[in-house]
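Everything below concerns the one structure shown next.
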Amino acid sequence: MELRRLLGVLGVLLVLLITNPGTASAHAVLLGTTPGNFEVLATAPHEVALQFNEPVDIGLAEIRLIGPGGAEVAGIGRPAHPPERRDVVAARLPTELAAGTYTVAFRVVSADAHPVPGAFAFSVGEVTGGVASGAGPDTGGASGAVSVLYGIARWLAYVGLALLVGTAFFVAACWPGGEAVAGVRRLLWNAWGILLTGTSGALVAYGPYAAGGSIGDLADPALLGSTLGSRMGVVLVVRLGLLGLVAAALVHVRRRAPFAQYGARNQRLRTGLVLVGAVALVVTWSLASHSASGVQVVLALPVDATHLLAMAVWLGGLPVLLGVLLRSDDVVGMRMAIPRFSRTALVCVGVLVVTGTYQAWREVGTPSALFGTTYGAVLALKLGVVVLLVGMGALARNWVRRHYGFDAVAVADKPQSRKEKRRARSGPEAREVGRFRRLIAVELALAAAVLGVTVSLVSAEPAAAELARMRAAAEIPTRVGPVSGMLPFDAGGGEQGLGKLAVLVTPGAVGRNEVHLAVFDASGRPKQVPELRAELRLPTRSIGPLPVDLQVIGGTHAISPDVPITMPGQWELAVTVRTSEIDQAVVRIPVGAR
């Protein structure tokens, strides 16, 4: 029954993770580009460069150049860091670039191992088009299947870590001799297997996830080789090596006599050895987390590792308490282990409060970041669940004090009362143990929720980075004034899908604007199309899409005399041109307004 409950809790945790995959959150902030966004150059540049607010990994980086006609330009050099500038990524461009507007689509990996996608545009000689359709930050991302697989792998790794560390610490520090119980051994080996599966799966899936690949890329040896050269790949390989050492230790312990025969001194020694091994494992998470980037990294890394260690010891000890010890008839073991684990849990709560407060201050910083960002909202949710968890822990601790808060004396020593004599002989009644088990089961369910929210929090963009990104986007120079031009498009379907879109937006300012659209074929003659629609959005403020009410005239021309632009910024007019029942193209035009 308890095993089924445990599996049910783990299933809830899996749902929490999959519904919050946190795919491709940009944790490094793009501060500027060379050429600048929407900059018009007299001559073609020799390279493009992107500057971020922190060092980025180029092991899985990609930079693509999309030409004025929408086709990808060949001959782009591999992304590289200039000397002594790990926060800058540059790529060489072909020597001959025709006049027109080009889109640079990029993807790098931030210091906390999350992919950072994006795009910007520049023009050579003249503006002939906007940002190419399909080149924005939301395109080129990993497929849904890859994101889900990578999310499941990370979830398995977290669960395996908590079970392995929590169970090992429980039997080493709280229940000497418990390692000889078959249920404990099964739990240790199952935890090891879960952690091995999660780590191996993450190693295979991380490359396609970070590079924006598909499910077929899981078997790409070149992509796996690139993963092994990245920060995350190195960390995962080190973790696999540590798991090999853990397996050897588990085999060694199984062949030895129970720890209970080795005395208190050796109990402290084995507890220390378990903590050393646990620290080595949790560091492999910290080196690829938010703590590996930003300010105070030297302090943030050990704080993050301590936070994760306390979480694993406390939450990972609950399954062995609920599923093994409380189901056994080991009265002596319960009398020894339950009070010890209760004290350990209290210490872990204190450590989690201190380290969690520091992490929240480092990642959030200001009240505006807490209440105005996704990270802050997820953090507030986690804090709410933690409060409930601590409350359930307090109830469990009160139960422990009532039933084990007395000196255990031998029956022959005649305890002071008949009640204490019975409790010393047989422990709490079955009804009381059942109540305690229900308390622990609820605590475990809340712990699973905390772990699920924590996984989502790790995937969320840090609040400070989100605010910095919004500030950086607001500072990008805005090309303002009337917009006019002839933009090529290719809707597919051969010659029938080729054409040009004439665009006029005037005055290109905050307030009432007029939009004129006209469709021409490849030779410049008016072209009738089944559908022409447009929408307006302001990406930097997450406003839109706002539909533009077009009056179509003769199937070749459309006008909207009253298009409101409500605030300053770099708006985007997206025009969809449908040339047949199944063929269409989207042309994106930047519209600056002040």
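How things are named: the first chain in the structure tokens is A, the next is B, and so on; residues count from 1 in each chain; ligands count from 1 in the order shown.
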Residues near segment 92-105 of chain A, anyone? I mean within 6 Å using only C-alpha atoms, not counting same-chain ones fewer than 6 positions away, as a ChimeraX atom specification. /A:46-47,63-68,75-77,118-129,131,135
Neighbouring residues of Leu243 of chain A were defined as those with any atom within 9 Å, considering only C-alpha atoms; residues of the same chain fewer than 5 positions away were excluded. Please report them as number ranges by chain. A: 192, 195-196, 238, 248, 281
Preceding selection exported with C-alpha atoms as a CSV table (one decimal), in the first residue's frame:
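selection.csv written:
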chain,number,residue,atom,x,y,z
A,192,TRP,CA,21.0,4.4,-8.1
A,195,LEU,CA,19.7,8.5,-11.1
A,196,LEU,CA,21.8,6.5,-13.7
A,238,VAL,CA,31.6,13.4,-14.2
A,248,ALA,CA,31.2,-0.1,-6.0
A,281,LEU,CA,27.0,14.4,-6.5
Nearby residues (only C-alpha atoms) at most 10 Å from Arg537 of chain A, same-chain spacing under 5 positions excluded, as a list in words: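 With the cut-off at 10 Å, the set is Ser542, Ile543, Gly544, Pro545, Leu546, Pro547, Ile565, Gln570, Trp571, Glu572, Leu573, Ala574, Pro590 and Val591 of chain A.
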Resulting file, chosen residues, all heavy atoms, as a CSV table (one decimal), in the first residue's frame:
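As written to disk, again_13.csv reads:
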chain,number,residue,atom,x,y,z
A,542,SER,N,5.5,42.1,-24.6
A,542,SER,CA,4.6,41.0,-24.7
A,542,SER,C,3.2,41.4,-25.1
A,542,SER,O,2.2,40.9,-24.5
A,542,SER,CB,4.6,40.1,-23.5
A,542,SER,OG,5.9,39.6,-23.2
A,543,ILE,N,3.1,42.4,-25.9
A,543,ILE,CA,1.8,43.0,-26.3
A,543,ILE,C,1.4,42.4,-27.7
A,543,ILE,O,2.2,42.5,-28.6
A,543,ILE,CB,1.8,44.5,-26.3
A,543,ILE,CG1,2.0,45.0,-24.9
A,543,ILE,CG2,0.5,45.0,-26.9
A,543,ILE,CD1,2.1,46.5,-24.9
A,544,GLY,N,0.2,41.9,-27.9
A,544,GLY,CA,-0.2,41.4,-29.2
A,544,GLY,C,-0.3,39.9,-29.2
A,544,GLY,O,0.0,39.2,-28.2
A,545,PRO,N,-0.7,39.3,-30.4
A,545,PRO,CA,-0.9,40.1,-31.6
A,545,PRO,C,-2.3,40.8,-31.6
A,545,PRO,O,-3.3,40.3,-31.1
A,545,PRO,CB,-0.9,39.0,-32.7
A,545,PRO,CG,-1.4,37.7,-31.9
A,545,PRO,CD,-0.8,37.9,-30.5
A,546,LEU,N,-2.2,42.0,-32.2
A,546,LEU,CA,-3.4,42.9,-32.3
A,546,LEU,C,-3.8,42.8,-33.8
A,546,LEU,O,-3.1,43.2,-34.7
A,546,LEU,CB,-3.1,44.3,-31.9
A,546,LEU,CG,-2.5,44.5,-30.5
A,546,LEU,CD1,-2.1,46.0,-30.3
A,546,LEU,CD2,-3.5,44.0,-29.5
A,547,PRO,N,-5.0,42.3,-34.1
A,547,PRO,CA,-5.4,42.2,-35.5
A,547,PRO,C,-5.6,43.6,-36.2
A,547,PRO,O,-6.1,44.5,-35.5
A,547,PRO,CB,-6.8,41.4,-35.4
A,547,PRO,CG,-7.2,41.6,-34.0
A,547,PRO,CD,-6.0,41.8,-33.2
A,565,ILE,N,-1.2,52.7,-32.7
A,565,ILE,CA,0.0,52.3,-32.0
A,565,ILE,C,0.0,53.0,-30.7
A,565,ILE,O,0.0,54.2,-30.6
A,565,ILE,CB,1.2,52.7,-32.8
A,565,ILE,CG1,1.3,51.8,-34.1
A,565,ILE,CG2,2.5,52.4,-32.0
A,565,ILE,CD1,2.5,52.1,-35.0
A,570,GLN,N,9.6,49.2,-30.6
A,570,GLN,CA,9.9,48.6,-31.9
A,570,GLN,C,8.7,47.6,-32.1
A,570,GLN,O,8.8,46.5,-31.7
A,570,GLN,CB,11.2,47.9,-31.9
A,570,GLN,CG,11.6,47.5,-33.3
A,570,GLN,CD,11.9,48.6,-34.3
A,570,GLN,OE1,12.8,49.4,-34.0
A,570,GLN,NE2,11.2,48.8,-35.3
A,571,TRP,N,7.7,48.0,-32.8
A,571,TRP,CA,6.6,47.2,-33.1
A,571,TRP,C,6.9,46.3,-34.3
A,571,TRP,O,7.8,46.6,-35.1
A,571,TRP,CB,5.3,48.0,-33.4
A,571,TRP,CG,4.8,48.7,-32.2
A,571,TRP,CD1,5.3,49.8,-31.6
A,571,TRP,CD2,3.6,48.3,-31.5
A,571,TRP,NE1,4.5,50.2,-30.5
A,571,TRP,CE2,3.5,49.3,-30.4
A,571,TRP,CE3,2.7,47.3,-31.6
A,571,TRP,CZ2,2.4,49.2,-29.5
A,571,TRP,CZ3,1.6,47.2,-30.7
A,571,TRP,CH2,1.5,48.2,-29.6
A,572,GLU,N,6.1,45.3,-34.5
A,572,GLU,CA,6.3,44.4,-35.7
A,572,GLU,C,4.9,44.2,-36.4
A,572,GLU,O,3.9,43.8,-35.7
A,572,GLU,CB,6.8,43.0,-35.3
A,572,GLU,CG,7.0,42.1,-36.4
A,572,GLU,CD,7.3,40.7,-35.9
A,572,GLU,OE1,6.4,39.9,-35.5
A,572,GLU,OE2,8.5,40.3,-36.0
A,573,LEU,N,4.9,44.5,-37.7
A,573,LEU,CA,3.7,44.2,-38.5
A,573,LEU,C,3.9,42.9,-39.2
A,573,LEU,O,4.8,42.8,-40.1
A,573,LEU,CB,3.4,45.4,-39.4
A,573,LEU,CG,2.2,45.3,-40.4
A,573,LEU,CD1,0.9,45.3,-39.6
A,573,LEU,CD2,2.3,46.3,-41.5
A,574,ALA,N,3.1,41.9,-38.9
A,574,ALA,CA,3.2,40.6,-39.5
A,574,ALA,C,2.1,40.5,-40.6
A,574,ALA,O,0.9,40.5,-40.2
A,574,ALA,CB,3.1,39.5,-38.5
A,590,PRO,N,9.4,45.6,-39.4
A,590,PRO,CA,9.6,46.4,-38.1
A,590,PRO,C,9.0,47.8,-38.3
A,590,PRO,O,9.2,48.5,-39.3
A,590,PRO,CB,11.1,46.5,-38.0
A,590,PRO,CG,11.6,46.3,-39.3
A,590,PRO,CD,10.7,45.4,-40.1
A,591,VAL,N,8.2,48.3,-37.3
A,591,VAL,CA,7.6,49.6,-37.3
A,591,VAL,C,8.0,50.3,-36.0
A,591,VAL,O,7.5,49.9,-34.9
A,591,VAL,CB,6.1,49.5,-37.5
A,591,VAL,CG1,5.5,50.9,-37.5
A,591,VAL,CG2,5.7,48.8,-38.7
For Ala502 of chain A, list every protein, DNA or RNA residue within 8 Å, evaluated using only C-alpha atoms, and leave out those in the same chain fewer than 2 positions away; present the list as a PyMOL selection string. chain A and resi 484-487+500+504+516-520
From the options A:Ile440, A:Val246, A:Leu164, A:Leu31, which residue's atoms come nearest to Leu395 of chain A, counting only C-alpha atoms? A:Ile440
I'd like the contact shell of Gly198 of chain A - 12 Å cut-off, only C-alpha atoms, skipping same-chain residues fewer than 6 positions apart - returned as an NGL selection string. :A and (149-161 or 191-192 or 204-206 or 236 or 239-240 or 243)
Give me every helix (DSSP H, G or I) residue in segment 172-298 of chain A, going by DSSP on the backbone, as JSON, numbers by chain. {"A": [172, 173, 174, 178, 179, 180, 182, 183, 184, 185, 186, 187, 188, 189, 190, 191, 192, 193, 194, 195, 196, 197, 198, 199, 200, 201, 202, 203, 204, 205, 206, 207, 208, 209, 210, 211, 215, 216, 217, 218, 219, 221, 222, 223, 224, 225, 226, 227, 228, 231, 232, 233, 234, 235, 236, 237, 238, 239, 240, 241, 242, 243, 244, 245, 246, 247, 248, 249, 250, 251, 252, 253, 254, 255, 259, 260, 261, 262, 263, 264, 265, 266, 267, 268, 269, 270, 271, 272, 273, 274, 275, 276, 277, 278, 279, 280, 281, 282, 283, 284, 285, 286, 290, 291, 292, 297, 298]}
Please list as a PyMOL selection string every residue within 10 Å of Ala522 of chain A, counting only C-alpha atoms and excluding residues in the same chain fewer than 6 positions away. chain A and resi 488-490+495-500
Export, as an mmCIF file, in the first residue's frame, the selected residues with N, CA and C atoms.
data_model
loop_
_atom_site.group_PDB
_atom_site.id
_atom_site.type_symbol
_atom_site.label_atom_id
_atom_site.label_comp_id
_atom_site.auth_asym_id
_atom_site.auth_seq_id
_atom_site.Cartn_x
_atom_site.Cartn_y
_atom_site.Cartn_z
ATOM 1 N N PRO A 488 10.060 40.831 -50.845
ATOM 2 C CA PRO A 488 9.795 39.572 -51.541
ATOM 3 C C PRO A 488 9.238 38.524 -50.586
ATOM 4 N N PHE A 489 8.468 37.590 -51.123
ATOM 5 C CA PHE A 489 7.974 36.469 -50.322
ATOM 6 C C PHE A 489 7.916 35.226 -51.197
ATOM 7 N N ASP A 490 7.934 34.078 -50.534
ATOM 8 C CA ASP A 490 7.826 32.781 -51.213
ATOM 9 C C ASP A 490 6.898 31.922 -50.377
ATOM 10 N N GLU A 495 6.225 28.750 -58.926
ATOM 11 C CA GLU A 495 6.095 30.123 -59.390
ATOM 12 C C GLU A 495 4.844 30.802 -58.843
ATOM 13 N N GLN A 496 3.793 30.028 -58.613
ATOM 14 C CA GLN A 496 2.543 30.589 -58.128
ATOM 15 C C GLN A 496 2.713 31.214 -56.743
ATOM 16 N N GLY A 497 3.661 30.719 -55.945
ATOM 17 C CA GLY A 497 3.836 31.224 -54.588
ATOM 18 C C GLY A 497 4.834 32.350 -54.467
ATOM 19 N N LEU A 498 5.503 32.716 -55.578
ATOM 20 C CA LEU A 498 6.486 33.796 -55.537
ATOM 21 C C LEU A 498 5.814 35.142 -55.760
ATOM 22 N N GLY A 499 6.333 36.164 -55.097
ATOM 23 C CA GLY A 499 5.773 37.487 -55.304
ATOM 24 C C GLY A 499 6.464 38.530 -54.458
ATOM 25 N N LYS A 500 5.898 39.732 -54.462
ATOM 26 C CA LYS A 500 6.430 40.846 -53.696
ATOM 27 C C LYS A 500 5.266 41.548 -52.997
#
So what do you get for atom CA of Pro530 of chain A versus atom CA of Val552 of chain A, distance-wise?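 Straight-line distance from atom CA of Pro530 of chain A to atom CA of Val552 of chain A works out to 10.4 Å.
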Please determine, counting only C-alpha atoms, which residue among A:Pro568, A:Tyr375, A:Val303, A:Val563 has the shortest atom-to-atom distance to Val354 of chain A. A:Val303
Closest to Val387 of chain A among A:Met311, A:Val109, A:Leu446, A:Ala28, using only C-alpha atoms?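 Looking only at the distances to Val387 of chain A, the closest residue turns out to be A:Leu446.
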Could you pull out the strand (DSSP E) residues of segment 48-220 of chain A from DSSP and send them as a VMD selection string? chain A and resid 48 to 52 56 to 66 88 to 92 100 to 110 115 to 124
Judged by only C-alpha atoms, the minimum distance to Arg231 of chain A among A:Ala300, A:Val433, A:Ala168, A:Leu287 is found for A:Leu287
Neighbour list for segment 185-188 of chain A as an MDAnalysis selection string, cut-off 10 Å, only C-alpha atoms, skip fewer than 6 positions in-chain: chainID A and resid 160 163:168 178:179 194 247 250 253:254 319:320 323:324
Generate a file of the selected residues that holds N, CA and C atoms, formatted as a PDB file, in the first residue's frame.
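Contents of the output file result-v8.pdb:
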ATOM      1  N   GLY A 160      16.136  10.473  -8.271  1.00  0.00           N
ATOM      2  CA  GLY A 160      17.167   9.506  -7.923  1.00  0.00           C
ATOM      3  C   GLY A 160      18.156  10.056  -6.911  1.00  0.00           C
ATOM      4  N   LEU A 163      16.408  10.177  -3.394  1.00  0.00           N
ATOM      5  CA  LEU A 163      16.248   8.835  -2.830  1.00  0.00           C
ATOM      6  C   LEU A 163      17.587   8.235  -2.408  1.00  0.00           C
ATOM      7  N   LEU A 164      18.607   8.401  -3.248  1.00  0.00           N
ATOM      8  CA  LEU A 164      19.905   7.800  -2.957  1.00  0.00           C
ATOM      9  C   LEU A 164      20.558   8.452  -1.744  1.00  0.00           C
ATOM     10  N   VAL A 165      20.649   9.779  -1.749  1.00  0.00           N
ATOM     11  CA  VAL A 165      21.299  10.485  -0.645  1.00  0.00           C
ATOM     12  C   VAL A 165      20.479  10.357   0.630  1.00  0.00           C
ATOM     13  N   GLY A 166      19.147  10.539   0.532  1.00  0.00           N
ATOM     14  CA  GLY A 166      18.314  10.466   1.722  1.00  0.00           C
ATOM     15  C   GLY A 166      18.329   9.092   2.366  1.00  0.00           C
ATOM     16  N   THR A 167      18.243   8.044   1.559  1.00  0.00           N
ATOM     17  CA  THR A 167      18.257   6.688   2.112  1.00  0.00           C
ATOM     18  C   THR A 167      19.614   6.361   2.724  1.00  0.00           C
ATOM     19  N   ALA A 168      20.692   6.684   2.032  1.00  0.00           N
ATOM     20  CA  ALA A 168      22.030   6.388   2.548  1.00  0.00           C
ATOM     21  C   ALA A 168      22.285   7.124   3.861  1.00  0.00           C
ATOM     22  N   GLY A 178      20.228  -0.693   9.513  1.00  0.00           N
ATOM     23  CA  GLY A 178      19.131  -0.670   8.553  1.00  0.00           C
ATOM     24  C   GLY A 178      19.559  -1.076   7.159  1.00  0.00           C
ATOM     25  N   GLU A 179      20.878  -0.933   6.855  1.00  0.00           N
ATOM     26  CA  GLU A 179      21.347  -1.310   5.521  1.00  0.00           C
ATOM     27  C   GLU A 179      21.243  -2.808   5.270  1.00  0.00           C
ATOM     28  N   ILE A 194      17.619   4.830 -10.943  1.00  0.00           N
ATOM     29  CA  ILE A 194      16.857   5.997 -11.414  1.00  0.00           C
ATOM     30  C   ILE A 194      17.802   7.141 -11.746  1.00  0.00           C
ATOM     31  N   ALA A 247      28.199   2.663  -7.011  1.00  0.00           N
ATOM     32  CA  ALA A 247      27.842   1.247  -7.194  1.00  0.00           C
ATOM     33  C   ALA A 247      28.852   0.344  -6.506  1.00  0.00           C
ATOM     34  N   LEU A 250      28.163   0.410  -2.808  1.00  0.00           N
ATOM     35  CA  LEU A 250      26.985  -0.374  -2.435  1.00  0.00           C
ATOM     36  C   LEU A 250      27.289  -1.867  -2.412  1.00  0.00           C
ATOM     37  N   VAL A 253      29.359  -2.516   0.782  1.00  0.00           N
ATOM     38  CA  VAL A 253      28.554  -2.496   2.005  1.00  0.00           C
ATOM     39  C   VAL A 253      27.732  -3.768   2.124  1.00  0.00           C
ATOM     40  N   ARG A 254      27.233  -4.266   1.010  1.00  0.00           N
ATOM     41  CA  ARG A 254      26.405  -5.479   1.061  1.00  0.00           C
ATOM     42  C   ARG A 254      27.195  -6.672   1.557  1.00  0.00           C
ATOM     43  N   PRO A 319      10.882   8.559   2.191  1.00  0.00           N
ATOM     44  CA  PRO A 319      10.442   7.264   1.655  1.00  0.00           C
ATOM     45  C   PRO A 319      10.928   6.060   2.459  1.00  0.00           C
ATOM     46  N   VAL A 320      12.183   6.075   2.945  1.00  0.00           N
ATOM     47  CA  VAL A 320      12.659   4.923   3.717  1.00  0.00           C
ATOM     48  C   VAL A 320      11.969   4.868   5.073  1.00  0.00           C
ATOM     49  N   GLY A 323       8.169   3.891   3.874  1.00  0.00           N
ATOM     50  CA  GLY A 323       7.996   2.637   3.139  1.00  0.00           C
ATOM     51  C   GLY A 323       8.711   1.439   3.726  1.00  0.00           C
ATOM     52  N   VAL A 324       9.690   1.648   4.605  1.00  0.00           N
ATOM     53  CA  VAL A 324      10.457   0.514   5.131  1.00  0.00           C
ATOM     54  C   VAL A 324      10.383   0.449   6.650  1.00  0.00           C
TER      55      VAL A 324
END
